[in-house]
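**Q** Starting off with a structure, shown below.
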Amino acid sequence: MNSFISIERLQSNLRNKFELSSQSLLKIHVWWYGRRENWVGIRNEAIFRVKVAVRVRPFNQREKDRGSKCCIKMKEKTTTITNLDDSSAEPKLFTFDYSYWSHDGFTMSEEGVSVAASPDSTYASQRTVFSDLGQGVLNNAYEGFNTSLFAYGQTGSGKSYSMVGYGANKGIVPITCDELFQTVEKNADPNLKYIVSFSMLEIYNECVRDLLIKTNPKGGLQVRQNPSIGAFYVQGLTKQVVGSYKAIEAKMEEGTSNRTVASTAMNATSSRAHTVVTIQFDQIKKNEVGEETKRTSIINLVDLAGSERAASTGATGDRLKEGANINKSLSALGNVISALADASTGKKKVMVPYRDSVLTKLLQNALGGNSKTIMIAALSPADINFDETLSTLRYADRAKQIKNKAVVNENPMDKLIRELKEENEKLKRALGGELNEGNVGMTPEEAANMRKQMEEEIRAQLEANMSAMADMEDNDRTEIAQQQFNKEQLELLEREKEKNTTPHITNLNEDAALSGVIHHLIKPGESVVGRKECDSDPHICLSGLSILKSHAVFSRVEGTVVIKPGVVGAKTKVNGQALNGERTLVHQDRILFGSNHMYVYIDPLSRESDEDLNIDWEFAQKEIAQAKGFQTGGDGKLSKEQQLAQEQVLELLPMVGESNEISEELNKHKSFEVILISDEISLSERSRSARVMVKMKNLLNGNTWLWERPKFLNRRYLMQDLYQRFLGGDDISCPQDEDPFWDPPCDLLIGTSNAFLQALAYGIDMDDPILITDYKGEEQGQMFVKIAPCDAAGNSLGDEYFVEESTELLGKPYHYKVTVLSSEMNDLRFSVGSYVKYKVDGDEEYTQTDTLTDTCTPHFNHSRVIDIPMVTQETLDYFENSCITFLVYGCQADRADDTHLSHLSTKELRQKEETSGIVRNTALARQITKHSLDEAAALKAEILLLKRRNEILTKKEKRIQSIVTEWGKKSAEEQAFDPFYRAVSAAAFSSGTMLKSAATVITQVIKAQKLKESSLQSSIDSSLQPPLVSKAAGSKACSIM
């Protein structure tokens, strides 16, 4: 106990001097009692730099649809990336150990394997990548080194293809495992024995899940640290001995299936999870005197989460930071790599933050310890992914600077067992030790908590040591494991045979690697789909949001399968349409149970041909979006911005549905909806781009919020975390400002009004009322604005001012005045306050009116003079083709809930809204109606312009007719030319070119004074008639009597 007393003194001194917490003191204690020399034996130590490879894949369908261009070039070890949207930007060059070009230059062999299309092709095949990287993993394992292989890159960049592969194109992991067991099977040495163990885990939201078991403990498995060697390990992680490559393949399929079930039930996003496959390769050799020596290699194969998520889905502008730890592990990994790179370059006193996340704890050895490490960074070639690809290249460039000290792990077996037993005795003594509370300076409560934590750490280490000793003493594990595997394979073959002849449903997942791994057979008679906890176990067990005890029922009679709701209100969709009654299923029908259990119905006996449609997650989501009214096509005619909006709609629709389900289950009285908001600046340019946003509405008082995509994604993860704690029985009550379903009242964009500017090009005022329409194109009120030409001081030019041809304005100064007079709002709740914002051409900031309160009919009386020093063709184009978009905002108050609604649940309130038509999924109407309204507003402005031009011309025509008539009635003596000329000029020369030409003809006729009065009248009539005919108004030419 002397060492224990010493640690008490050390703790007391440290606590008093540095005011350390009990948790810090616990770590010191664990380190102290476990200190001892490193394992002795055969230790061959060497320094190795992390090998880094990058690989670029072909375009995927999304990138092809968007007309993407390749921004990546490779030559030998050099990778170049170019920003094609910025012609002035210099290409960026990176050099790695390997740069693999897999973008093009390949063809398919008869076996379906991608190979180089010609001898001079630079295409890197799967076998090429394995030869460079996977073979190194194998060689390291044979030599007894720990080795790790990371796959890094954005979601969809090709990580899984390189690591696992598809079909005949097997990736590094299966080829490595296959080659490993080929070596094992060829072993003919009776004194050499191989043991291969397999484990598979997933890290999601800082929780560790064992993928070889169906049910994990609440909160996931605990990550502990072995104080003897400082390494971290997962307590209770399943480690199964495997006797063949087929056994590993089966375990990986089992892990993938369990991962899919768990992620679907938890509403987890698979692209946000890290998957770690660990293979322990033991070589036990007996020498001449019968002593056994074990050489151990730990092979870590790591598929990291999508790297783009750490940045592009950040909580920009959100008052709540991302508390769900979604991005924590990747951010921590980046920090660790940066710190290790600094340390490798000779920087002093570098602290490596391994403890900042679960991922970095478990990868401590792989990143900066006893391991030979390889990283493969997967790249998208598309210019639309430039930012994410550049980020990946910089990440990989940083990683290549890391250096590790790799050690051959070889020790005598009896020595290993003896040391483990000695350590266990030491742990048991520490477990029975006492804490001297007075010396340490702890309160009784702190001492009790510290004792509890110490006991948990010690017991976990005892358990790990006992497991290690059992593994060493059990020499028959491989044979037993192989027997179990053979039995499982027979059962699997029977299930496969039955699946090929029986109707069944197969899962779809956003991660292609997780699709088609869950199958449910539909037996003759009735098959119930529902929760596990119902009174009688359902035939098909599902769990998660909106899954009811008896959710749906399949009825199979002879060759027909019918599906119907299990109970009223069960949420099921077939081919995007709600299931309200019985429906006969057809081969490849898509079925959605609840909010995220997506399946495709397969009837192997009714297939019309062997060529099925390519039904995947995206296909099913597009179908649901179309059923809700969203446009998902475009036939290649959409702009990049519109295509991006479509992709975001498809991404957000299932997430919004999930958020609504969580709101219902937690009774948060909030509803969510995907909406399209026309971009104000783009609208001013008469384009059709839109922003995808999510609307949250308080169902009790009507308050509404519009969230940008990043903010909603952040809130969604927080909602998921809250829901998981709810399922775990935790108390989920929290302060209001920490609730992901709450936001303080904020100003809301009620709608927009568009004032088109064609009239300005002809010097005409625009002062008609214009509608205020929301994102759906629904009328929310009207605005009264006036846009009129003026002088520099803002004074009106009068009704007489008019320009017939807009080109007359070129090269001249021009002024116009924007006046926001008033507005009328339909919704009384915006009587709290309202204001208007707008921009004109050249503005960087919005101009805003005063906020007027306590009225739904505010009179803003706001005006602003716009000065144009010199009119250019661009100015005229702006007038002809653009509009000023007035954004009308309403102020919201934290109003009391409607007492008539407070007794209703969230589900009832949402049903009430849907029934009453308040919430309508009219996204198609949004696109068509809003588009039509904008076109109608533009056409209306043009019609008004033509009418006003016609009115002015008609007015001038009548004025000239009146002047000429009056002059004609005078006697020859009274017909003074100069006054007549001035009168005609005053009327005509202010009216544009048509009337100017008419006036010129008149004056020329009068100056001649050689014609008779009748001839003069006839000449004037014939001269004035062509230009004064107005087709719009149908006016007649004047006739001088």
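Each chain of the structure tokens is named A, B, ... in the order shown, its residues numbered from 1; ligands are numbered from 1 in display order.
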So that I can check the surroundings of segment 574-576 of chain A, please list as a PDB file with all heavy atoms, in the first residue's frame every protein, DNA and RNA residue that reaches within 9 Å of it, counting only C-alpha atoms and ignoring chain neighbours fewer than 3 positions away.
**A**
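Just written: selection-v2.pdb:
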```pdb
ATOM      1  N   LEU A 579     -50.954   5.201 -48.410  1.00  0.00           N
ATOM      2  CA  LEU A 579     -51.748   3.968 -48.434  1.00  0.00           C
ATOM      3  C   LEU A 579     -52.950   4.142 -47.516  1.00  0.00           C
ATOM      4  O   LEU A 579     -52.804   4.197 -46.293  1.00  0.00           O
ATOM      5  CB  LEU A 579     -50.883   2.784 -47.977  1.00  0.00           C
ATOM      6  CG  LEU A 579     -51.572   1.418 -47.943  1.00  0.00           C
ATOM      7  CD1 LEU A 579     -51.896   0.944 -49.351  1.00  0.00           C
ATOM      8  CD2 LEU A 579     -50.673   0.390 -47.240  1.00  0.00           C
ATOM      9  N   ARG A 583     -54.120  -2.488 -51.390  1.00  0.00           N
ATOM     10  CA  ARG A 583     -53.464  -2.245 -52.673  1.00  0.00           C
ATOM     11  C   ARG A 583     -52.676  -3.483 -53.066  1.00  0.00           C
ATOM     12  O   ARG A 583     -51.889  -4.020 -52.279  1.00  0.00           O
ATOM     13  CB  ARG A 583     -52.529  -1.036 -52.584  1.00  0.00           C
ATOM     14  CG  ARG A 583     -51.739  -0.802 -53.858  1.00  0.00           C
ATOM     15  CD  ARG A 583     -51.144   0.563 -53.912  1.00  0.00           C
ATOM     16  NE  ARG A 583     -50.360   0.785 -55.125  1.00  0.00           N
ATOM     17  CZ  ARG A 583     -49.984   1.967 -55.572  1.00  0.00           C
ATOM     18  NH1 ARG A 583     -50.332   3.057 -54.894  1.00  0.00           N
ATOM     19  NH2 ARG A 583     -49.274   2.089 -56.671  1.00  0.00           N
ATOM     20  N   LEU A 585     -49.758  -5.343 -54.788  1.00  0.00           N
ATOM     21  CA  LEU A 585     -48.380  -4.957 -55.092  1.00  0.00           C
ATOM     22  C   LEU A 585     -47.917  -5.553 -56.403  1.00  0.00           C
ATOM     23  O   LEU A 585     -48.307  -6.665 -56.785  1.00  0.00           O
ATOM     24  CB  LEU A 585     -47.449  -5.402 -53.968  1.00  0.00           C
ATOM     25  CG  LEU A 585     -47.640  -4.701 -52.618  1.00  0.00           C
ATOM     26  CD1 LEU A 585     -46.707  -5.300 -51.569  1.00  0.00           C
ATOM     27  CD2 LEU A 585     -47.400  -3.200 -52.750  1.00  0.00           C
ATOM     28  N   ASP A 589     -42.453  -2.398 -56.673  1.00  0.00           N
ATOM     29  CA  ASP A 589     -43.134  -1.294 -55.996  1.00  0.00           C
ATOM     30  C   ASP A 589     -42.295  -0.833 -54.818  1.00  0.00           C
ATOM     31  O   ASP A 589     -41.640  -1.640 -54.144  1.00  0.00           O
ATOM     32  CB  ASP A 589     -44.520  -1.729 -55.491  1.00  0.00           C
ATOM     33  CG  ASP A 589     -45.580  -1.626 -56.571  1.00  0.00           C
ATOM     34  OD1 ASP A 589     -45.302  -1.001 -57.616  1.00  0.00           O
ATOM     35  OD2 ASP A 589     -46.694  -2.153 -56.374  1.00  0.00           O
ATOM     36  N   ARG A 590     -42.318   0.480 -54.533  1.00  0.00           N
ATOM     37  CA  ARG A 590     -41.564   1.049 -53.413  1.00  0.00           C
ATOM     38  C   ARG A 590     -42.500   1.274 -52.236  1.00  0.00           C
ATOM     39  O   ARG A 590     -43.584   1.851 -52.395  1.00  0.00           O
ATOM     40  CB  ARG A 590     -40.914   2.381 -53.812  1.00  0.00           C
ATOM     41  CG  ARG A 590     -39.679   2.236 -54.688  1.00  0.00           C
ATOM     42  CD  ARG A 590     -39.987   1.781 -56.100  1.00  0.00           C
ATOM     43  NE  ARG A 590     -40.868   2.696 -56.802  1.00  0.00           N
ATOM     44  CZ  ARG A 590     -41.538   2.371 -57.902  1.00  0.00           C
ATOM     45  NH1 ARG A 590     -41.431   1.144 -58.417  1.00  0.00           N
ATOM     46  NH2 ARG A 590     -42.330   3.253 -58.491  1.00  0.00           N
ATOM     47  N   ILE A 591     -42.074   0.863 -51.051  1.00  0.00           N
ATOM     48  CA  ILE A 591     -42.919   0.960 -49.856  1.00  0.00           C
ATOM     49  C   ILE A 591     -42.143   1.694 -48.774  1.00  0.00           C
ATOM     50  O   ILE A 591     -41.011   1.335 -48.450  1.00  0.00           O
ATOM     51  CB  ILE A 591     -43.327  -0.434 -49.332  1.00  0.00           C
ATOM     52  CG1 ILE A 591     -43.944  -1.279 -50.457  1.00  0.00           C
ATOM     53  CG2 ILE A 591     -44.316  -0.299 -48.176  1.00  0.00           C
ATOM     54  CD1 ILE A 591     -44.177  -2.729 -50.078  1.00  0.00           C
ATOM     55  N   LEU A 592     -42.759   2.735 -48.193  1.00  0.00           N
ATOM     56  CA  LEU A 592     -42.166   3.480 -47.086  1.00  0.00           C
ATOM     57  C   LEU A 592     -43.024   3.277 -45.849  1.00  0.00           C
ATOM     58  O   LEU A 592     -44.187   3.673 -45.817  1.00  0.00           O
ATOM     59  CB  LEU A 592     -42.080   4.971 -47.422  1.00  0.00           C
ATOM     60  CG  LEU A 592     -41.573   5.883 -46.297  1.00  0.00           C
ATOM     61  CD1 LEU A 592     -40.114   5.561 -45.956  1.00  0.00           C
ATOM     62  CD2 LEU A 592     -41.713   7.354 -46.675  1.00  0.00           C
ATOM     63  N   ALA A 620     -36.575   6.490 -55.193  1.00  0.00           N
ATOM     64  CA  ALA A 620     -37.737   6.489 -54.300  1.00  0.00           C
ATOM     65  C   ALA A 620     -38.014   7.874 -53.734  1.00  0.00           C
ATOM     66  O   ALA A 620     -39.172   8.285 -53.596  1.00  0.00           O
ATOM     67  CB  ALA A 620     -37.517   5.478 -53.172  1.00  0.00           C
ATOM     68  N   GLN A 621     -36.949   8.622 -53.393  1.00  0.00           N
ATOM     69  CA  GLN A 621     -37.144   9.957 -52.844  1.00  0.00           C
ATOM     70  C   GLN A 621     -37.684  10.924 -53.893  1.00  0.00           C
ATOM     71  O   GLN A 621     -38.498  11.801 -53.587  1.00  0.00           O
ATOM     72  CB  GLN A 621     -35.828  10.481 -52.256  1.00  0.00           C
ATOM     73  CG  GLN A 621     -35.369   9.746 -51.001  1.00  0.00           C
ATOM     74  CD  GLN A 621     -36.407   9.796 -49.888  1.00  0.00           C
ATOM     75  OE1 GLN A 621     -37.147  10.757 -49.728  1.00  0.00           O
ATOM     76  NE2 GLN A 621     -36.452   8.728 -49.098  1.00  0.00           N
ATOM     77  N   LYS A 622     -37.239  10.793 -55.134  1.00  0.00           N
ATOM     78  CA  LYS A 622     -37.778  11.627 -56.206  1.00  0.00           C
ATOM     79  C   LYS A 622     -39.266  11.367 -56.386  1.00  0.00           C
ATOM     80  O   LYS A 622     -40.055  12.292 -56.631  1.00  0.00           O
ATOM     81  CB  LYS A 622     -37.044  11.337 -57.521  1.00  0.00           C
ATOM     82  CG  LYS A 622     -35.685  11.999 -57.641  1.00  0.00           C
ATOM     83  CD  LYS A 622     -35.092  11.748 -59.018  1.00  0.00           C
ATOM     84  CE  LYS A 622     -33.754  12.472 -59.174  1.00  0.00           C
ATOM     85  NZ  LYS A 622     -33.155  12.246 -60.507  1.00  0.00           N
ATOM     86  N   GLU A 623     -39.630  10.107 -56.257  1.00  0.00           N
ATOM     87  CA  GLU A 623     -41.037   9.732 -56.397  1.00  0.00           C
ATOM     88  C   GLU A 623     -41.896  10.386 -55.323  1.00  0.00           C
ATOM     89  O   GLU A 623     -42.981  10.907 -55.600  1.00  0.00           O
ATOM     90  CB  GLU A 623     -41.128   8.204 -56.297  1.00  0.00           C
ATOM     91  CG  GLU A 623     -42.427   7.597 -56.731  1.00  0.00           C
ATOM     92  CD  GLU A 623     -42.283   6.092 -56.809  1.00  0.00           C
ATOM     93  OE1 GLU A 623     -41.786   5.470 -55.842  1.00  0.00           O
ATOM     94  OE2 GLU A 623     -42.662   5.529 -57.841  1.00  0.00           O
ATOM     95  N   ILE A 624     -41.390  10.400 -54.093  1.00  0.00           N
ATOM     96  CA  ILE A 624     -42.117  11.038 -52.998  1.00  0.00           C
ATOM     97  C   ILE A 624     -42.195  12.541 -53.226  1.00  0.00           C
ATOM     98  O   ILE A 624     -43.240  13.171 -52.999  1.00  0.00           O
ATOM     99  CB  ILE A 624     -41.431  10.717 -51.654  1.00  0.00           C
ATOM    100  CG1 ILE A 624     -41.561   9.218 -51.340  1.00  0.00           C
ATOM    101  CG2 ILE A 624     -42.029  11.550 -50.517  1.00  0.00           C
ATOM    102  CD1 ILE A 624     -40.775   8.779 -50.124  1.00  0.00           C
ATOM    103  N   ALA A 625     -41.085  13.136 -53.692  1.00  0.00           N
ATOM    104  CA  ALA A 625     -41.068  14.576 -53.960  1.00  0.00           C
ATOM    105  C   ALA A 625     -42.076  14.935 -55.046  1.00  0.00           C
ATOM    106  O   ALA A 625     -42.794  15.939 -54.942  1.00  0.00           O
ATOM    107  CB  ALA A 625     -39.662  15.008 -54.358  1.00  0.00           C
ATOM    108  N   GLN A 626     -42.147  14.110 -56.094  1.00  0.00           N
ATOM    109  CA  GLN A 626     -43.106  14.374 -57.163  1.00  0.00           C
ATOM    110  C   GLN A 626     -44.533  14.276 -56.655  1.00  0.00           C
ATOM    111  O   GLN A 626     -45.394  15.071 -57.045  1.00  0.00           O
ATOM    112  CB  GLN A 626     -42.874  13.389 -58.310  1.00  0.00           C
ATOM    113  CG  GLN A 626     -41.588  13.628 -59.082  1.00  0.00           C
ATOM    114  CD  GLN A 626     -41.241  12.489 -60.015  1.00  0.00           C
ATOM    115  OE1 GLN A 626     -41.873  11.439 -59.994  1.00  0.00           O
ATOM    116  NE2 GLN A 626     -40.214  12.681 -60.836  1.00  0.00           N
ATOM    117  N   ALA A 627     -44.788  13.305 -55.777  1.00  0.00           N
ATOM    118  CA  ALA A 627     -46.130  13.160 -55.216  1.00  0.00           C
ATOM    119  C   ALA A 627     -46.513  14.378 -54.376  1.00  0.00           C
ATOM    120  O   ALA A 627     -47.690  14.728 -54.273  1.00  0.00           O
ATOM    121  CB  ALA A 627     -46.206  11.889 -54.362  1.00  0.00           C
ATOM    122  N   LYS A 628     -45.514  15.043 -53.796  1.00  0.00           N
ATOM    123  CA  LYS A 628     -45.775  16.247 -53.007  1.00  0.00           C
ATOM    124  C   LYS A 628     -45.824  17.492 -53.874  1.00  0.00           C
ATOM    125  O   LYS A 628     -46.086  18.584 -53.368  1.00  0.00           O
ATOM    126  CB  LYS A 628     -44.695  16.406 -51.930  1.00  0.00           C
ATOM    127  CG  LYS A 628     -44.777  15.346 -50.842  1.00  0.00           C
ATOM    128  CD  LYS A 628     -43.820  15.651 -49.716  1.00  0.00           C
ATOM    129  CE  LYS A 628     -44.014  14.664 -48.567  1.00  0.00           C
ATOM    130  NZ  LYS A 628     -43.203  14.989 -47.396  1.00  0.00           N
TER     131      LYS A 628
END
```
**Q** Mind checking DSSP for segment 554-701 of chain A and telling me the strand (DSSP E or B) residues as a PyMOL selection string?
**A** chain A and resi 554-557+560-565+572-574+577-578+583-584+590-593+597-602+670-678+690-698
**Q** Write out, as a compact mmCIF listing (two decimals), in the first residue's frame, the residues just selected, with N, CA and C atoms.
**A**
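Saved the output as part-v3.txt:
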```txt
# COMPACT_ATOMS: atom_id res chain seq x y z
N PHE A 554 -49.46 -7.54 -44.80
CA PHE A 554 -49.35 -8.16 -46.12
C PHE A 554 -50.27 -9.38 -46.16
N SER A 555 -51.01 -9.53 -47.25
CA SER A 555 -51.83 -10.73 -47.45
C SER A 555 -51.38 -11.40 -48.74
N ARG A 556 -50.91 -12.63 -48.61
CA ARG A 556 -50.45 -13.36 -49.78
C ARG A 556 -51.38 -14.54 -50.04
N VAL A 557 -52.07 -14.46 -51.17
CA VAL A 557 -52.97 -15.53 -51.57
C VAL A 557 -52.57 -15.96 -52.97
N THR A 560 -50.70 -13.56 -55.52
CA THR A 560 -51.00 -12.14 -55.33
C THR A 560 -50.65 -11.70 -53.91
N VAL A 561 -50.01 -10.53 -53.80
CA VAL A 561 -49.68 -9.96 -52.50
C VAL A 561 -50.38 -8.61 -52.38
N VAL A 562 -51.15 -8.45 -51.32
CA VAL A 562 -51.90 -7.21 -51.07
C VAL A 562 -51.38 -6.61 -49.77
N ILE A 563 -51.26 -5.28 -49.75
CA ILE A 563 -50.86 -4.58 -48.53
C ILE A 563 -51.99 -3.63 -48.11
N LYS A 564 -52.18 -3.51 -46.81
CA LYS A 564 -53.19 -2.58 -46.28
C LYS A 564 -52.69 -2.04 -44.95
N PRO A 565 -53.22 -0.88 -44.51
CA PRO A 565 -52.80 -0.35 -43.20
C PRO A 565 -53.22 -1.29 -42.07
N THR A 572 -47.98 4.83 -44.19
CA THR A 572 -47.33 3.98 -45.17
C THR A 572 -47.55 4.58 -46.55
N LYS A 573 -46.54 4.54 -47.38
CA LYS A 573 -46.66 5.04 -48.75
C LYS A 573 -46.21 3.97 -49.72
N VAL A 574 -46.91 3.88 -50.83
CA VAL A 574 -46.53 2.96 -51.90
C VAL A 574 -46.32 3.81 -53.15
N GLN A 577 -47.30 7.46 -52.85
CA GLN A 577 -48.67 7.81 -52.52
C GLN A 577 -49.07 7.17 -51.19
N ALA A 578 -49.85 7.92 -50.40
CA ALA A 578 -50.29 7.42 -49.09
C ALA A 578 -51.16 6.18 -49.27
N ARG A 583 -54.12 -2.49 -51.39
CA ARG A 583 -53.46 -2.25 -52.67
C ARG A 583 -52.68 -3.48 -53.07
N THR A 584 -52.88 -3.94 -54.29
CA THR A 584 -52.15 -5.09 -54.81
C THR A 584 -50.76 -4.64 -55.26
N ARG A 590 -42.32 0.48 -54.53
CA ARG A 590 -41.56 1.05 -53.41
C ARG A 590 -42.50 1.27 -52.24
N ILE A 591 -42.07 0.86 -51.05
CA ILE A 591 -42.92 0.96 -49.86
C ILE A 591 -42.14 1.69 -48.77
N LEU A 592 -42.76 2.74 -48.19
CA LEU A 592 -42.17 3.48 -47.09
C LEU A 592 -43.02 3.28 -45.85
N PHE A 593 -42.46 2.64 -44.83
CA PHE A 593 -43.13 2.47 -43.55
C PHE A 593 -42.64 3.57 -42.60
N HIS A 597 -38.26 3.85 -43.11
CA HIS A 597 -38.07 2.44 -43.46
C HIS A 597 -38.50 2.26 -44.92
N MET A 598 -37.54 2.35 -45.82
CA MET A 598 -37.83 2.27 -47.25
C MET A 598 -37.48 0.88 -47.78
N TYR A 599 -38.44 0.28 -48.48
CA TYR A 599 -38.24 -1.06 -49.05
C TYR A 599 -38.73 -1.08 -50.50
N VAL A 600 -38.24 -2.08 -51.24
CA VAL A 600 -38.74 -2.34 -52.58
C VAL A 600 -39.28 -3.77 -52.59
N TYR A 601 -40.46 -3.94 -53.16
CA TYR A 601 -41.12 -5.25 -53.20
C TYR A 601 -40.56 -6.05 -54.37
N ILE A 602 -40.13 -7.26 -54.09
CA ILE A 602 -39.56 -8.15 -55.10
C ILE A 602 -40.42 -9.40 -55.21
N LYS A 670 -44.81 21.74 -32.99
CA LYS A 670 -44.15 22.40 -34.10
C LYS A 670 -44.33 21.55 -35.36
N SER A 671 -44.45 22.22 -36.50
CA SER A 671 -44.49 21.50 -37.77
C SER A 671 -43.39 22.05 -38.67
N PHE A 672 -42.95 21.23 -39.61
CA PHE A 672 -41.85 21.60 -40.49
C PHE A 672 -42.26 21.35 -41.94
N GLU A 673 -41.73 22.18 -42.83
CA GLU A 673 -42.09 22.08 -44.24
C GLU A 673 -40.93 22.58 -45.09
N VAL A 674 -40.65 21.87 -46.19
CA VAL A 674 -39.64 22.32 -47.15
C VAL A 674 -40.28 23.37 -48.05
N ILE A 675 -39.64 24.50 -48.20
CA ILE A 675 -40.19 25.56 -49.05
C ILE A 675 -39.10 26.09 -49.99
N LEU A 676 -39.54 26.69 -51.07
CA LEU A 676 -38.64 27.32 -52.03
C LEU A 676 -38.87 28.82 -51.98
N ILE A 677 -37.80 29.55 -51.68
CA ILE A 677 -37.87 31.01 -51.62
C ILE A 677 -37.11 31.58 -52.81
N SER A 678 -37.77 32.38 -53.63
CA SER A 678 -37.09 33.00 -54.76
C SER A 678 -36.00 33.91 -54.25
N ALA A 690 -33.82 29.69 -56.87
CA ALA A 690 -34.53 29.72 -55.60
C ALA A 690 -33.66 29.12 -54.52
N ARG A 691 -33.91 29.53 -53.29
CA ARG A 691 -33.23 28.96 -52.14
C ARG A 691 -34.17 27.96 -51.49
N VAL A 692 -33.59 26.85 -51.07
CA VAL A 692 -34.37 25.84 -50.36
C VAL A 692 -34.24 26.11 -48.86
N MET A 693 -35.37 26.26 -48.20
CA MET A 693 -35.38 26.54 -46.78
C MET A 693 -36.39 25.63 -46.10
N VAL A 694 -36.35 25.64 -44.78
CA VAL A 694 -37.30 24.85 -44.00
C VAL A 694 -38.10 25.81 -43.12
N LYS A 695 -39.40 25.69 -43.20
CA LYS A 695 -40.28 26.53 -42.39
C LYS A 695 -40.70 25.77 -41.15
N MET A 696 -40.47 26.36 -39.97
CA MET A 696 -40.97 25.80 -38.72
C MET A 696 -42.12 26.68 -38.25
N LYS A 697 -43.21 26.05 -37.86
CA LYS A 697 -44.39 26.79 -37.42
C LYS A 697 -44.83 26.32 -36.04
N ASN A 698 -45.13 27.28 -35.17
CA ASN A 698 -45.73 26.99 -33.87
C ASN A 698 -47.21 26.77 -34.10
```
**Q** Env of Arg725 of chain A: 9 Å cut, atoms = only C-alpha atoms, seq-sep filter 6 positions within chain, self excluded. Answer as a ChimeraX atom specification.
**A** /A:219,731-732
**Q** Figure out the distance between atom CA of Ala396 of chain A and atom CA of Val52 of chain A, please, to one decimal in Å.
**A**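 Interatomic distance, atom CA of Val52 of chain A to atom CA of Ala396 of chain A: 6.7 Å.
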**Q** Excluding Gly105 of chain A and any residue of its chain fewer than 5 positions from it, enumerate the residues within 10 Å of it, using only C-alpha atoms, and give them as a JSON list (two decimals) with C-alpha atoms, in the first residue's frame.
**A**
```json
[["chain", "number", "residue", "atom", "x", "y", "z"],
["A", 58, "PRO", "CA", -15.38, 8.71, -62.73],
["A", 114, "SER", "CA", -12.67, -2.55, -64.75],
["A", 115, "VAL", "CA", -9.29, -2.68, -66.52],
["A", 116, "ALA", "CA", -7.16, -0.25, -68.53],
["A", 117, "ALA", "CA", -8.59, 0.26, -72.01],
["A", 118, "SER", "CA", -5.18, 0.32, -73.69],
["A", 120, "ASP", "CA", -0.88, 3.55, -72.67],
["A", 121, "SER", "CA", -3.88, 4.22, -70.41],
["A", 122, "THR", "CA", -3.07, 5.65, -66.97],
["A", 123, "TYR", "CA", -6.14, 4.02, -65.41],
["A", 124, "ALA", "CA", -5.50, 2.61, -61.89]]
```
**Q** Check the smallest atom-to-atom distance from each of A:Arg259, A:Arg715, A:Lys523, A:Arg295 to Lys193 of chain A using only C-alpha atoms, then report the winner.
**A**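 Looking at the shortest contact to Lys193 of chain A, the residue is A:Arg295.
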**Q** Between A:Phe741, A:Arg62, A:Leu542, A:Lys286, which residue has the minimum interatomic distance to Gln646 of chain A, considering only C-alpha atoms?
**A**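 Counting only C-alpha atoms, the residue closest to Gln646 of chain A is A:Arg62.
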**Q** Looking at only C-alpha atoms, which of A:Arg127, A:His862, A:Lys403, A:Lys348 is the one that sits closest to Thr373 of chain A?
**A** A:Lys403
**Q** Could you check how far atom CA of Gly243 of chain A sits from atom CA of Gly220 of chain A, in Å to one decimal?
**A**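 For atom CA of Gly243 of chain A relative to atom CA of Gly220 of chain A, the distance reads 28.5 Å.
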**Q** Expressed in Å to a single decimal, how great is the separation between atom CA of Tyr762 of chain A and atom CA of Ile884 of chain A?
**A**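 Distance between the two atoms: 17.0 Å.
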